[in-house]
Structure formats: structure tokens, C-alpha cells
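Trainee: This is the content of structure-v2.cif (mmCIF, C-alpha atoms):
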```
data_model
#
loop_
_atom_site.group_PDB
_atom_site.id
_atom_site.type_symbol
_atom_site.label_atom_id
_atom_site.label_comp_id
_atom_site.auth_asym_id
_atom_site.auth_seq_id
_atom_site.Cartn_x
_atom_site.Cartn_y
_atom_site.Cartn_z
ATOM 1 C CA MET E 1 0.000 0.000 0.000
ATOM 2 C CA LYS E 2 1.091 3.519 -0.765
ATOM 3 C CA PHE E 3 -0.498 4.988 2.347
ATOM 4 C CA LYS E 4 0.175 3.537 5.722
ATOM 5 C CA ASN E 5 -3.156 4.507 7.157
ATOM 6 C CA LYS E 6 -5.165 2.960 4.321
ATOM 7 C CA ILE E 7 -6.339 -0.573 3.606
ATOM 8 C CA LYS E 8 -7.438 -2.209 0.376
ATOM 9 C CA ILE E 9 -10.462 -4.488 0.600
ATOM 10 C CA LYS E 10 -12.766 -6.174 -1.872
ATOM 11 C CA VAL E 11 -16.494 -5.445 -1.738
ATOM 12 C CA ASN E 12 -18.667 -7.547 -4.036
ATOM 13 C CA GLY E 13 -15.676 -8.208 -6.249
ATOM 14 C CA LYS E 14 -14.602 -4.569 -6.492
ATOM 15 C CA ASN E 15 -11.417 -3.135 -4.959
ATOM 16 C CA VAL E 16 -12.091 -0.337 -2.491
ATOM 17 C CA ILE E 17 -9.661 1.730 -0.410
ATOM 18 C CA PHE E 18 -10.633 2.561 3.158
ATOM 19 C CA ASP E 19 -9.046 4.082 6.244
ATOM 20 C CA LYS E 20 -7.467 1.677 8.682
ATOM 21 C CA ASN E 21 -9.722 0.697 11.564
ATOM 22 C CA THR E 22 -12.881 1.173 9.528
ATOM 23 C CA SER E 23 -15.649 -1.082 10.825
ATOM 24 C CA VAL E 24 -17.961 -3.111 8.615
ATOM 25 C CA GLY E 25 -20.775 -0.978 10.031
ATOM 26 C CA THR E 26 -19.145 2.180 8.711
ATOM 27 C CA LEU E 27 -18.640 0.545 5.319
ATOM 28 C CA ILE E 28 -22.345 -0.353 5.135
ATOM 29 C CA LYS E 29 -23.312 3.198 6.088
ATOM 30 C CA LYS E 30 -20.942 4.730 3.542
ATOM 31 C CA LEU E 31 -22.377 2.551 0.807
ATOM 32 C CA LYS E 32 -25.905 3.562 1.936
ATOM 33 C CA ILE E 33 -27.008 -0.050 2.117
ATOM 34 C CA PRO E 34 -30.262 -0.819 3.987
ATOM 35 C CA LEU E 35 -29.005 -3.246 6.611
ATOM 36 C CA ASN E 36 -32.358 -4.966 7.151
ATOM 37 C CA LYS E 37 -32.461 -6.074 3.512
ATOM 38 C CA VAL E 38 -29.023 -7.628 3.177
ATOM 39 C CA ALA E 39 -26.683 -10.307 4.489
ATOM 40 C CA ILE E 40 -22.953 -9.811 4.862
ATOM 41 C CA GLU E 41 -20.124 -12.248 4.438
ATOM 42 C CA LEU E 42 -16.595 -11.487 5.632
ATOM 43 C CA ASN E 43 -13.958 -13.748 4.092
ATOM 44 C CA LYS E 44 -16.608 -16.346 3.224
ATOM 45 C CA LYS E 45 -18.039 -16.449 6.735
ATOM 46 C CA ILE E 46 -21.422 -14.938 7.535
ATOM 47 C CA LEU E 47 -21.060 -11.861 9.698
ATOM 48 C CA ASN E 48 -23.826 -11.398 12.244
ATOM 49 C CA LYS E 49 -25.406 -8.009 11.597
ATOM 50 C CA ASN E 50 -25.294 -7.199 15.315
ATOM 51 C CA LYS E 51 -21.523 -7.425 15.220
ATOM 52 C CA ILE E 52 -20.760 -5.173 12.257
ATOM 53 C CA ASN E 53 -19.833 -2.128 14.315
ATOM 54 C CA LYS E 54 -17.366 -4.084 16.411
ATOM 55 C CA THR E 55 -15.804 -5.808 13.405
ATOM 56 C CA LYS E 56 -12.845 -3.891 11.973
ATOM 57 C CA LEU E 57 -11.730 -4.373 8.401
ATOM 58 C CA ASP E 58 -8.239 -5.628 7.633
ATOM 59 C CA ASN E 59 -6.148 -5.261 4.529
ATOM 60 C CA ASN E 60 -7.232 -7.711 1.777
ATOM 61 C CA ASP E 61 -10.526 -8.544 3.484
ATOM 62 C CA ASN E 62 -13.193 -9.845 1.156
ATOM 63 C CA ILE E 63 -16.712 -8.596 1.809
ATOM 64 C CA GLU E 64 -19.821 -9.861 0.075
ATOM 65 C CA ILE E 65 -23.120 -8.055 0.557
ATOM 66 C CA VAL E 66 -26.157 -9.814 -0.886
ATOM 67 C CA HIS E 67 -29.881 -9.185 -1.125
ATOM 68 C CA PHE E 68 -32.934 -10.660 -2.795
ATOM 69 C CA ILE E 69 -33.661 -10.054 -6.443
ATOM 70 C CA GLY E 70 -36.204 -11.498 -8.843
ATOM 71 C CA GLY E 71 -35.685 -15.185 -9.579
ATOM 72 C CA GLY E 72 -37.519 -18.362 -10.483
ATOM 73 C CA MET S 1 -68.377 -25.617 8.412
ATOM 74 C CA LYS S 2 -66.484 -27.017 5.448
ATOM 75 C CA GLU S 3 -62.779 -26.954 6.042
ATOM 76 C CA LYS S 4 -60.887 -24.646 3.704
ATOM 77 C CA ASP S 5 -58.756 -26.381 1.113
ATOM 78 C CA LEU S 6 -55.380 -24.959 2.072
ATOM 79 C CA LEU S 7 -51.908 -25.776 0.846
ATOM 80 C CA LYS S 8 -49.819 -26.595 3.894
ATOM 81 C CA ILE S 9 -46.048 -26.460 3.596
ATOM 82 C CA ALA S 10 -43.984 -26.724 6.795
ATOM 83 C CA ASN S 11 -45.840 -24.325 9.121
ATOM 84 C CA LYS S 12 -47.252 -22.164 6.321
ATOM 85 C CA LYS S 13 -50.854 -22.297 5.161
ATOM 86 C CA LEU S 14 -51.694 -20.903 1.764
ATOM 87 C CA ASN S 15 -55.008 -20.235 0.074
ATOM 88 C CA SER S 16 -53.423 -20.187 -3.348
ATOM 89 C CA ARG S 17 -51.818 -23.294 -4.784
ATOM 90 C CA LEU S 18 -49.965 -21.239 -7.338
ATOM 91 C CA ILE S 19 -46.432 -20.243 -6.389
ATOM 92 C CA VAL S 20 -44.737 -17.856 -8.779
ATOM 93 C CA GLY S 21 -41.189 -16.889 -9.606
ATOM 94 C CA THR S 22 -40.112 -13.253 -9.722
ATOM 95 C CA GLY S 23 -37.504 -13.481 -12.485
ATOM 96 C CA LYS S 24 -37.518 -12.519 -16.169
ATOM 97 C CA TYR S 25 -40.033 -9.661 -15.901
ATOM 98 C CA LYS S 26 -39.445 -6.397 -17.767
ATOM 99 C CA ASN S 27 -39.211 -4.569 -14.472
ATOM 100 C CA MET S 28 -40.202 -4.889 -10.848
ATOM 101 C CA ALA S 29 -43.480 -3.048 -11.242
ATOM 102 C CA GLU S 30 -44.596 -5.547 -13.876
ATOM 103 C CA CYS S 31 -43.496 -8.416 -11.650
ATOM 104 C CA ALA S 32 -45.388 -7.062 -8.636
ATOM 105 C CA LYS S 33 -48.576 -6.532 -10.637
ATOM 106 C CA ALA S 34 -48.432 -10.008 -12.194
ATOM 107 C CA ILE S 35 -48.028 -11.541 -8.734
ATOM 108 C CA LYS S 36 -51.023 -9.632 -7.459
ATOM 109 C CA ILE S 37 -53.188 -10.766 -10.363
ATOM 110 C CA SER S 38 -52.010 -14.383 -9.999
ATOM 111 C CA GLY S 39 -53.227 -14.437 -6.407
ATOM 112 C CA ALA S 40 -49.993 -16.176 -5.359
ATOM 113 C CA GLU S 41 -49.066 -15.876 -1.699
ATOM 114 C CA MET S 42 -45.567 -17.298 -2.043
ATOM 115 C CA VAL S 43 -42.873 -16.185 -4.479
ATOM 116 C CA THR S 44 -39.393 -17.448 -5.209
ATOM 117 C CA VAL S 45 -36.525 -14.973 -5.000
ATOM 118 C CA ALA S 46 -32.818 -15.212 -5.813
ATOM 119 C CA VAL S 47 -29.842 -14.153 -3.697
ATOM 120 C CA ARG S 48 -27.374 -11.898 -5.484
ATOM 121 C CA ARG S 49 -24.750 -9.234 -4.829
ATOM 122 C CA VAL S 50 -25.981 -5.752 -3.958
ATOM 123 C CA ASN S 51 -25.041 -3.256 -6.657
ATOM 124 C CA ILE S 52 -22.599 -1.034 -4.787
ATOM 125 C CA VAL S 53 -22.010 1.272 -7.747
ATOM 126 C CA ASP S 54 -25.594 2.181 -8.653
ATOM 127 C CA LYS S 55 -27.194 2.640 -5.267
ATOM 128 C CA ASN S 56 -30.441 3.934 -6.712
ATOM 129 C CA LYS S 57 -31.304 0.621 -8.322
ATOM 130 C CA PRO S 58 -34.770 -0.423 -7.136
ATOM 131 C CA LEU S 59 -34.948 -3.186 -4.545
ATOM 132 C CA LEU S 60 -37.288 -6.150 -4.805
ATOM 133 C CA MET S 61 -38.472 -5.624 -1.242
ATOM 134 C CA ASP S 62 -39.675 -2.135 -2.173
ATOM 135 C CA TYR S 63 -42.069 -3.684 -4.677
ATOM 136 C CA ILE S 64 -43.024 -6.969 -3.047
ATOM 137 C CA ASP S 65 -43.576 -6.686 0.689
ATOM 138 C CA PRO S 66 -42.182 -9.755 2.452
ATOM 139 C CA LYS S 67 -44.675 -9.172 5.255
ATOM 140 C CA LYS S 68 -47.550 -9.750 2.843
ATOM 141 C CA ILE S 69 -46.058 -12.275 0.408
ATOM 142 C CA ILE S 70 -43.951 -15.193 1.583
ATOM 143 C CA TYR S 71 -40.448 -15.018 0.144
ATOM 144 C CA LEU S 72 -39.031 -18.380 -0.823
ATOM 145 C CA PRO S 73 -35.288 -17.858 -1.312
ATOM 146 C CA ASN S 74 -33.843 -20.124 -3.983
ATOM 147 C CA THR S 75 -30.423 -21.331 -5.039
ATOM 148 C CA ALA S 76 -30.857 -20.699 -8.736
ATOM 149 C CA GLY S 77 -27.522 -20.632 -10.492
ATOM 150 C CA CYS S 78 -25.846 -22.978 -8.016
ATOM 151 C CA PHE S 79 -24.120 -25.977 -9.532
ATOM 152 C CA ASN S 80 -22.907 -27.737 -6.413
ATOM 153 C CA SER S 81 -23.801 -28.304 -2.801
ATOM 154 C CA ILE S 82 -21.235 -25.832 -1.425
ATOM 155 C CA GLU S 83 -22.644 -22.934 -3.473
ATOM 156 C CA ALA S 84 -26.220 -23.863 -2.591
ATOM 157 C CA LEU S 85 -25.531 -24.069 1.148
ATOM 158 C CA ARG S 86 -23.663 -20.761 1.112
ATOM 159 C CA THR S 87 -26.552 -19.082 -0.710
ATOM 160 C CA LEU S 88 -29.265 -20.346 1.634
ATOM 161 C CA ARG S 89 -27.311 -19.556 4.783
ATOM 162 C CA LEU S 90 -26.992 -15.995 3.492
ATOM 163 C CA ALA S 91 -30.692 -15.924 2.643
ATOM 164 C CA ARG S 92 -31.540 -16.930 6.191
ATOM 165 C CA GLU S 93 -29.252 -14.195 7.483
ATOM 166 C CA ILE S 94 -31.089 -11.500 5.503
ATOM 167 C CA GLY S 95 -34.196 -11.871 7.573
ATOM 168 C CA GLY S 96 -34.633 -15.240 9.183
ATOM 169 C CA TRP S 97 -35.957 -17.213 6.226
ATOM 170 C CA LYS S 98 -36.005 -20.885 7.175
ATOM 171 C CA LEU S 99 -38.315 -22.061 4.416
ATOM 172 C CA VAL S 100 -36.243 -22.234 1.250
ATOM 173 C CA LYS S 101 -36.169 -23.686 -2.223
ATOM 174 C CA LEU S 102 -33.171 -25.845 -2.977
ATOM 175 C CA GLU S 103 -32.152 -26.131 -6.595
ATOM 176 C CA VAL S 104 -28.780 -27.557 -7.581
ATOM 177 C CA LEU S 105 -28.318 -27.710 -11.312
ATOM 178 C CA GLY S 106 -26.082 -30.156 -13.101
ATOM 179 C CA ASP S 107 -25.874 -28.926 -16.661
ATOM 180 C CA LYS S 108 -25.799 -25.410 -18.054
ATOM 181 C CA LYS S 109 -27.659 -26.317 -21.228
ATOM 182 C CA ASN S 110 -30.570 -28.433 -20.059
ATOM 183 C CA LEU S 111 -30.615 -27.016 -16.495
ATOM 184 C CA LEU S 112 -31.602 -30.408 -15.138
ATOM 185 C CA PRO S 113 -30.980 -30.924 -11.431
ATOM 186 C CA ASP S 114 -27.890 -32.694 -10.105
ATOM 187 C CA MET S 115 -29.684 -35.056 -7.761
ATOM 188 C CA ILE S 116 -26.589 -36.283 -5.923
ATOM 189 C CA GLU S 117 -25.608 -32.736 -4.937
ATOM 190 C CA THR S 118 -29.271 -31.955 -4.243
ATOM 191 C CA LEU S 119 -29.641 -34.885 -1.861
ATOM 192 C CA LYS S 120 -26.391 -34.010 -0.058
ATOM 193 C CA SER S 121 -27.542 -30.415 0.365
ATOM 194 C CA THR S 122 -30.972 -31.475 1.629
ATOM 195 C CA GLU S 123 -29.387 -33.599 4.349
ATOM 196 C CA VAL S 124 -27.183 -30.730 5.558
ATOM 197 C CA LEU S 125 -29.902 -28.096 5.393
ATOM 198 C CA THR S 126 -32.508 -30.066 7.318
ATOM 199 C CA LYS S 127 -29.928 -30.713 10.048
ATOM 200 C CA GLU S 128 -29.317 -26.964 10.234
ATOM 201 C CA GLY S 129 -33.014 -26.348 10.814
ATOM 202 C CA PHE S 130 -34.009 -25.268 7.327
ATOM 203 C CA GLU S 131 -37.346 -26.271 5.856
ATOM 204 C CA VAL S 132 -36.401 -27.328 2.386
ATOM 205 C CA MET S 133 -38.610 -27.420 -0.650
ATOM 206 C CA VAL S 134 -36.581 -29.405 -3.125
ATOM 207 C CA TYR S 135 -36.504 -28.976 -6.873
ATOM 208 C CA CYS S 136 -35.836 -32.424 -8.271
ATOM 209 C CA ASN S 137 -36.041 -34.731 -11.212
ATOM 210 C CA ASP S 138 -39.263 -36.648 -11.845
ATOM 211 C CA ASP S 139 -37.679 -39.748 -10.325
ATOM 212 C CA PRO S 140 -39.746 -41.561 -7.677
ATOM 213 C CA LEU S 141 -36.690 -43.173 -6.064
ATOM 214 C CA MET S 142 -34.898 -39.859 -5.650
ATOM 215 C CA ALA S 143 -38.109 -38.259 -4.419
ATOM 216 C CA LYS S 144 -38.282 -40.937 -1.728
ATOM 217 C CA ARG S 145 -34.691 -40.284 -0.712
ATOM 218 C CA LEU S 146 -35.380 -36.576 -0.406
ATOM 219 C CA GLU S 147 -38.389 -37.345 1.754
ATOM 220 C CA ASN S 148 -36.262 -39.570 3.986
ATOM 221 C CA ALA S 149 -33.691 -36.774 4.228
ATOM 222 C CA GLY S 150 -36.368 -34.512 5.728
ATOM 223 C CA ALA S 151 -37.547 -32.415 2.772
ATOM 224 C CA SER S 152 -40.589 -30.208 3.442
ATOM 225 C CA ALA S 153 -41.887 -30.447 -0.113
ATOM 226 C CA ILE S 154 -41.035 -32.452 -3.198
ATOM 227 C CA MET S 155 -40.873 -30.335 -6.333
ATOM 228 C CA PRO S 156 -40.287 -32.404 -9.451
ATOM 229 C CA LEU S 157 -39.908 -30.718 -12.796
ATOM 230 C CA ALA S 158 -42.522 -31.051 -15.508
ATOM 231 C CA ALA S 159 -39.786 -30.456 -18.074
ATOM 232 C CA PRO S 160 -36.550 -28.410 -18.210
ATOM 233 C CA ILE S 161 -36.695 -24.930 -16.642
ATOM 234 C CA GLY S 162 -38.228 -22.378 -18.974
ATOM 235 C CA SER S 163 -39.012 -24.978 -21.660
ATOM 236 C CA GLY S 164 -42.789 -24.641 -21.510
ATOM 237 C CA LEU S 165 -43.288 -28.284 -22.478
ATOM 238 C CA GLY S 166 -45.700 -29.315 -19.703
ATOM 239 C CA ILE S 167 -45.495 -32.583 -17.771
ATOM 240 C CA GLN S 168 -43.370 -35.007 -19.777
ATOM 241 C CA ASN S 169 -43.529 -38.064 -17.559
ATOM 242 C CA LYS S 170 -47.002 -38.373 -16.113
ATOM 243 C CA THR S 171 -46.403 -41.926 -14.954
ATOM 244 C CA ASN S 172 -43.516 -40.921 -12.721
ATOM 245 C CA ILE S 173 -45.430 -37.967 -11.309
ATOM 246 C CA LYS S 174 -48.336 -40.326 -10.522
ATOM 247 C CA ILE S 175 -45.990 -42.737 -8.746
ATOM 248 C CA ILE S 176 -44.484 -39.891 -6.714
ATOM 249 C CA ARG S 177 -47.997 -38.702 -5.851
ATOM 250 C CA GLN S 178 -48.976 -42.139 -4.619
ATOM 251 C CA GLN S 179 -45.879 -42.667 -2.520
ATOM 252 C CA THR S 180 -45.680 -39.348 -0.685
ATOM 253 C CA LYS S 181 -47.869 -37.410 1.699
ATOM 254 C CA LEU S 182 -45.516 -34.431 1.495
ATOM 255 C CA PRO S 183 -46.637 -31.430 -0.518
ATOM 256 C CA LEU S 184 -45.973 -32.271 -4.166
ATOM 257 C CA ILE S 185 -45.406 -29.225 -6.306
ATOM 258 C CA ILE S 186 -44.651 -29.231 -10.008
ATOM 259 C CA ASP S 187 -41.758 -26.853 -10.491
ATOM 260 C CA ALA S 188 -40.427 -25.824 -13.886
ATOM 261 C CA GLY S 189 -41.402 -26.564 -17.444
ATOM 262 C CA LEU S 190 -45.068 -25.595 -17.498
ATOM 263 C CA GLY S 191 -45.985 -23.494 -20.517
ATOM 264 C CA THR S 192 -49.645 -22.672 -20.484
ATOM 265 C CA ALA S 193 -52.772 -22.789 -18.356
ATOM 266 C CA SER S 194 -53.813 -26.316 -19.341
ATOM 267 C CA ASP S 195 -50.383 -27.603 -18.218
ATOM 268 C CA ALA S 196 -51.106 -26.252 -14.747
ATOM 269 C CA SER S 197 -54.599 -27.755 -14.731
ATOM 270 C CA ILE S 198 -53.243 -31.161 -15.717
ATOM 271 C CA ALA S 199 -50.736 -31.082 -12.846
ATOM 272 C CA MET S 200 -53.487 -30.191 -10.391
ATOM 273 C CA GLU S 201 -55.878 -32.810 -11.808
ATOM 274 C CA MET S 202 -53.215 -35.419 -11.199
ATOM 275 C CA GLY S 203 -53.391 -34.607 -7.522
ATOM 276 C CA CYS S 204 -50.342 -32.407 -7.192
ATOM 277 C CA ASP S 205 -50.648 -29.955 -4.315
ATOM 278 C CA GLY S 206 -49.471 -26.946 -6.250
ATOM 279 C CA VAL S 207 -47.444 -25.594 -9.141
ATOM 280 C CA LEU S 208 -44.535 -23.181 -9.336
ATOM 281 C CA ILE S 209 -44.485 -21.015 -12.436
ATOM 282 C CA ASN S 210 -42.186 -18.250 -13.607
ATOM 283 C CA THR S 211 -41.284 -18.126 -17.301
ATOM 284 C CA ALA S 212 -44.752 -19.092 -18.563
ATOM 285 C CA ILE S 213 -46.157 -15.936 -16.967
ATOM 286 C CA ALA S 214 -43.210 -13.543 -17.186
ATOM 287 C CA LYS S 215 -42.475 -14.266 -20.844
ATOM 288 C CA ALA S 216 -46.048 -14.505 -22.109
ATOM 289 C CA LYS S 217 -46.940 -11.709 -24.539
ATOM 290 C CA LYS S 218 -49.427 -10.492 -21.939
ATOM 291 C CA PRO S 219 -48.033 -11.465 -18.526
ATOM 292 C CA TYR S 220 -51.007 -10.071 -16.573
ATOM 293 C CA ASP S 221 -53.521 -12.072 -18.593
ATOM 294 C CA MET S 222 -51.403 -15.205 -18.283
ATOM 295 C CA ALA S 223 -51.086 -14.662 -14.530
ATOM 296 C CA GLU S 224 -54.872 -14.607 -14.327
ATOM 297 C CA ALA S 225 -55.177 -17.641 -16.613
ATOM 298 C CA MET S 226 -52.780 -19.595 -14.392
ATOM 299 C CA LYS S 227 -54.692 -18.587 -11.273
ATOM 300 C CA TYR S 228 -57.925 -20.009 -12.634
ATOM 301 C CA ALA S 229 -56.230 -23.025 -14.217
ATOM 302 C CA VAL S 230 -54.869 -24.046 -10.828
ATOM 303 C CA ILE S 231 -58.242 -23.526 -9.139
ATOM 304 C CA ALA S 232 -60.030 -25.448 -11.910
ATOM 305 C CA GLY S 233 -57.545 -28.314 -11.819
ATOM 306 C CA ARG S 234 -57.734 -28.601 -8.043
ATOM 307 C CA LYS S 235 -61.541 -28.559 -7.990
ATOM 308 C CA SER S 236 -61.634 -31.092 -10.770
ATOM 309 C CA PHE S 237 -59.263 -33.381 -8.850
ATOM 310 C CA LEU S 238 -61.349 -33.120 -5.688
ATOM 311 C CA SER S 239 -64.596 -33.657 -7.593
ATOM 312 C CA GLY S 240 -63.840 -37.234 -8.675
ATOM 313 C CA ARG S 241 -63.951 -37.362 -12.428
ATOM 314 C CA ILE S 242 -66.033 -39.868 -14.418
ATOM 315 C CA LYS S 243 -64.532 -43.070 -15.756
ATOM 316 C CA LYS S 244 -63.202 -42.984 -19.287
ATOM 317 C CA ASN S 245 -65.144 -45.121 -21.770
ATOM 318 C CA ILE S 246 -64.568 -45.717 -25.434
ATOM 319 C CA TYR S 247 -68.343 -45.968 -26.117
ATOM 320 C CA GLY S 248 -70.982 -43.282 -25.864
ATOM 321 C CA ASN S 249 -73.352 -42.925 -22.950
ATOM 322 C CA ALA S 250 -76.391 -40.760 -23.751
ATOM 323 C CA SER S 251 -77.059 -37.796 -21.518
ATOM 324 C CA SER S 252 -80.819 -37.672 -22.178
ATOM 325 C CA PRO S 253 -83.159 -40.421 -20.916
ATOM 326 C CA LYS S 254 -84.640 -42.895 -23.433
ATOM 327 C CA LYS S 255 -87.951 -43.032 -21.583
ATOM 328 C CA GLY S 256 -90.663 -40.886 -23.167
ATOM 329 C CA LEU S 257 -88.853 -40.789 -26.490
ATOM 330 C CA ILE S 258 -91.345 -40.008 -29.280
#
```
Just dump the structure as C-alpha cells.
Mentor:
Amino acid sequence: MKFKNKIKIKVNGKNVIFDKNTSVGTLIKKLKIPLNKVAIELNKKILNKNKINKTKLDNNDNIEIVHFIGGG
Amino acid sequence: MKEKDLLKIANKKLNSRLIVGTGKYKNMAECAKAIKISGAEMVTVAVRRVNIVDKNKPLLMDYIDPKKIIYLPNTAGCFNSIEALRTLRLAREIGGWKLVKLEVLGDKKNLLPDMIETLKSTEVLTKEGFEVMVYCNDDPLMAKRLENAGASAIMPLAAPIGSGLGIQNKTNIKIIRQQTKLPLIIDAGLGTASDASIAMEMGCDGVLINTAIAKAKKPYDMAEAMKYAVIAGRKSFLSGRIKKNIYGNASSPKKGLI
């Protein structure tokens, strides 16, 4: 990383740069995602939505945020 | 009072025996209106990534209220047990959905189910407390295995997904009907209203339809046609049809003939 106080993470397959010590909760807020309509996975493990504010992101973390869409 | 003829799946009781998919519509408004017209009380939904770039994209839940319509999360697009389990665990996490539709496909061209992966997934999911409605082949032996694994509903295909061919193997569907007391729902391959009626007349408990409505030239009219086809087929099944006979049997009495 070029900046010591930054981390690079992947959100839904896209690279995103964030400040160190950013929580998953902050990430969700910044992306303006309605928490009650999604599920979150951190490095392939489901992250309980009650724990997102306590969970800090690390460099190279992989976040998946999913919701329901139309399907058969 | 006459008991209402309800479709019971796990702990859910439905007035409508038509379950519809929410895919392939032009937009969400069209999908929501078609569902309303169809009278369906349960709809299948898929689990996909949130679009983090275009945040103004409309959300399914804004159009179809999960408090009014039962969401049945599916595993469409999953080709093995690991993907299917991951998808349904996420679906449960979104809002506590325990009743789910399992669908593990085995071939990208014919979209037929991989029954070995499907059976494996059913075993794991039921142990984890899921209530699993299982999309499966029209194979009575596999249907029995799914039942033994704790499935909440058996959902054999009529024909490949989206093919619109109607029930291809009536004999197998009849055998499955006779061997199981679980809800039996024909899922995939129905094309038109009479296909739905035939499934219901054979004693199936319900049908699951997506493409036949969403891709009809007039989806709203087809949604209505399917609604009545399912009602007609169910009533016909419960009414006890007449025996088939190759000779005629006059409807008017001979007595008093001039």
C-alpha cells in the first residue's frame, strides 16, 4: 500500500480503499445499504449483523453483501 | 363448516396453490402486478450481490412486501452443494428465512438438477433447521430419498426450466404422488394454463411457475389464466372425475322418447 493509514479491501468483487480501523458498520453506512435487507459475508463467513460495528476491516478482506432479487 | 382447502407447507398455510417466480419480468413493477393478479401468496426470490455502484437501483423488497407475500429464497444458479448451502445460509441471514427452495443444477444447457448434490444439500440443510422445498427430477426413487432426508416439499420438474413443455412423464409424477404425503409441487417446465390444470388434476398440491407468466406476450392475462387453471384443476381433482369409456353414454333419458 502507498499509504500507511489505508487498507485495500474487496467489496462484491470490487477493490475499495478505506481508512485503517474502519468497521464493517461504517462501510455499510458509507455505501448507503439498507441493513435490514441484506446479508454480509466477511472472508466467506457470515457476519452477524449485530456485530458489524465491532468488526474492523483488515487489509485484503473480502466482503460480500447480498440481497434478494427477482428469480424463479 | 367445510374446512378450507389450504396448501400446507412446513408451518405455512396458503389459500393459493400457485407459487410464482419473480424473475424474467421487464421490471419490478410488472413483476409485482403479475403476482397480485395471480393471487400467489408465495414467491421465489434469488440471492445476489448488492449493486454497490448504482445505489439507486430499485430493490425487490420495495415492490413486493415480504410481510404480505412469503419469500421463498432459492439457489438458482448454483451448480454444487457448497454454493447452494452458502446461498441459503446468506438468505436466512437477511431476515430469518427458514423455508427455502433448494435447486442444484447439473448442466448449463438443459438445467436439469444434479440429484446427488441436491440430496447431499438437503441432508445438511434439514440438520441446520431449514425447511427445504426441493426442486428435483421426476424420479420416484430420488423423491423418496429426499423425503427420507427430511424435505418439506417435493418439487419435481414437468420439463426443463423455462421450456414450456408441460409434464413429460405423467407416470412418474403419478408414482411420486402415490408414494408421498408431502406437498408435491410441479416446479419448472409448465408453458400454459392447461399444463397447470393437468398437474393439479393429477393430484399435485401446487405448481410453481415463472417463465410461462413472465415471458407470455401479456403477462397479466397469463397470470390470471394460471390462477384459474390451478383452481379449476384442483376442484376437478377433488370432484372425482367420471370413468373414461370408449363408447358413448347418452345424456338424455330414453324413456318418453317419441
Trainee: Please enumerate the residues selected by the PyMOL selection byres ((chain E) within 8 of (chain S)) when evaluated against the supplied file, formatted as a VMD selection string.
Mentor: chain E and resid 12 31 to 33 36 to 41 46 48 64 to 72
Trainee: Give me the result of the PyMOL selection byres ((chain E and resi 59) around 7) on this file, residue by residue, as a PyMOL selection string.
Mentor: chain E and resi 7-9+57-58+60-61
Trainee: Determine, counting all atoms listed in the file, which protein, DNA and RNA residues have an atom within 6 Å of an atom of Lys10 in chain E; residues of the same chain fewer than 4 positions away are not included. Present the result as a list of chain:residue names.
Mentor: E:Lys14, E:Asn15, E:Val16, E:Asn62, E:Ile63
Trainee: Evaluate the PyMOL selection byres ((chain S and resi 218-222) around 9) against this structure - the residues, as a count of residues only, please.
Mentor: 21
Trainee: Of the candidates S:Leu141, S:Lys127, S:Leu182, S:Cys204, which one gets nearest to Ala158 in chain S if we count only C-alpha atoms?
Mentor: S:Cys204
Trainee: Just the number, please: distance in Å from CA of Leu35 in chain E to CA of Ile69 in chain S, one decimal.
Mentor: 20.3 Å
Trainee: How many Å separate CA of Ile185 in chain S from CA of Ala153 in chain S?
Mentor: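 So the answer is 7.2 Å.
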Trainee: Expressed in Å to a single decimal, how great is the separation between CA of Leu7 in chain S and CA of Cys78 in chain S?
Mentor: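 Straight-line distance from CA of Leu7 in chain S to CA of Cys78 in chain S works out to 27.7 Å.
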Trainee: E:Lys4, E:Gly13, E:Asp19, E:Val24: which is nearest Leu47 in chain E, counting only C-alpha atoms?
Mentor: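 So, comparing all the options, the nearest one is E:Val24.
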Trainee: Rank nothing, just name the residue among S:Val124, S:Val207, S:Leu119, S:Met155 nearest to Cys136 in chain S, using all atoms listed in the file.
Mentor: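 The shortest atom-to-atom distance to Cys136 in chain S comes from S:Met155.
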Trainee: Neighbourhood query: residues within 10 Å of (-43.8, -28.7, 5.0), file coordinates, counting all atoms listed in the file; return as an MDAnalysis selection string.
Mentor: chainID S and resid 7:13 99 131:133 150:154 182:183
Trainee: Find the axis-aligned box for range 62-70 of chain E, covering all its listed atoms and adding 4 Å on each side, and write its centre and edge lengths in Å to one decimal as lines of an AutoDock Vina configuration file.
Mentor:
```
center_x = -24.7
center_y = -9.8
center_z = -3.5
size_x = 31.0
size_y = 11.4
size_z = 18.7
```
Trainee: Leaving out Asn80 in chain S and any residue of its chain fewer than 5 positions from it, which residues lie within 9 Å of it when counting only C-alpha atoms, given as a list in words?
Mentor: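 Here the qualifying residues turn out to be Leu85, Val104, Leu105, Gly106, Asp114, Glu117, Thr118 and Ser121 of chain S.
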Trainee: Write the residues you've just listed into a file as a CSV table (one decimal), in the coordinates of the input, and include C-alpha atoms for each of them.
Mentor:
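And here is the file that came out, again-v5.csv:
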```csv
chain,number,residue,atom,x,y,z
S,85,LEU,CA,-25.5,-24.1,1.1
S,104,VAL,CA,-28.8,-27.6,-7.6
S,105,LEU,CA,-28.3,-27.7,-11.3
S,106,GLY,CA,-26.1,-30.2,-13.1
S,114,ASP,CA,-27.9,-32.7,-10.1
S,117,GLU,CA,-25.6,-32.7,-4.9
S,118,THR,CA,-29.3,-32.0,-4.2
S,121,SER,CA,-27.5,-30.4,0.4
```
Trainee: Could you name the residues that touch Lys6 in chain E at 9 Å or less, counting only C-alpha atoms, but leaving out those on the same chain fewer than 5 positions away, as a PyMOL selection string?
Mentor: chain E and resi 1+17-21+59
Trainee: Take the structure in the block and write a file for range 53-76 of chain S, C-alpha atoms, as a short mmCIF file (atom, residue, chain, number, x, y, z; two decimals), in the first residue's frame.
Mentor:
```
data_model
loop_
_atom_site.label_atom_id
_atom_site.label_comp_id
_atom_site.auth_asym_id
_atom_site.auth_seq_id
_atom_site.Cartn_x
_atom_site.Cartn_y
_atom_site.Cartn_z
CA VAL S 53 -22.01 1.27 -7.75
CA ASP S 54 -25.59 2.18 -8.65
CA LYS S 55 -27.19 2.64 -5.27
CA ASN S 56 -30.44 3.93 -6.71
CA LYS S 57 -31.30 0.62 -8.32
CA PRO S 58 -34.77 -0.42 -7.14
CA LEU S 59 -34.95 -3.19 -4.54
CA LEU S 60 -37.29 -6.15 -4.80
CA MET S 61 -38.47 -5.62 -1.24
CA ASP S 62 -39.67 -2.13 -2.17
CA TYR S 63 -42.07 -3.68 -4.68
CA ILE S 64 -43.02 -6.97 -3.05
CA ASP S 65 -43.58 -6.69 0.69
CA PRO S 66 -42.18 -9.76 2.45
CA LYS S 67 -44.67 -9.17 5.25
CA LYS S 68 -47.55 -9.75 2.84
CA ILE S 69 -46.06 -12.27 0.41
CA ILE S 70 -43.95 -15.19 1.58
CA TYR S 71 -40.45 -15.02 0.14
CA LEU S 72 -39.03 -18.38 -0.82
CA PRO S 73 -35.29 -17.86 -1.31
CA ASN S 74 -33.84 -20.12 -3.98
CA THR S 75 -30.42 -21.33 -5.04
CA ALA S 76 -30.86 -20.70 -8.74
#
```
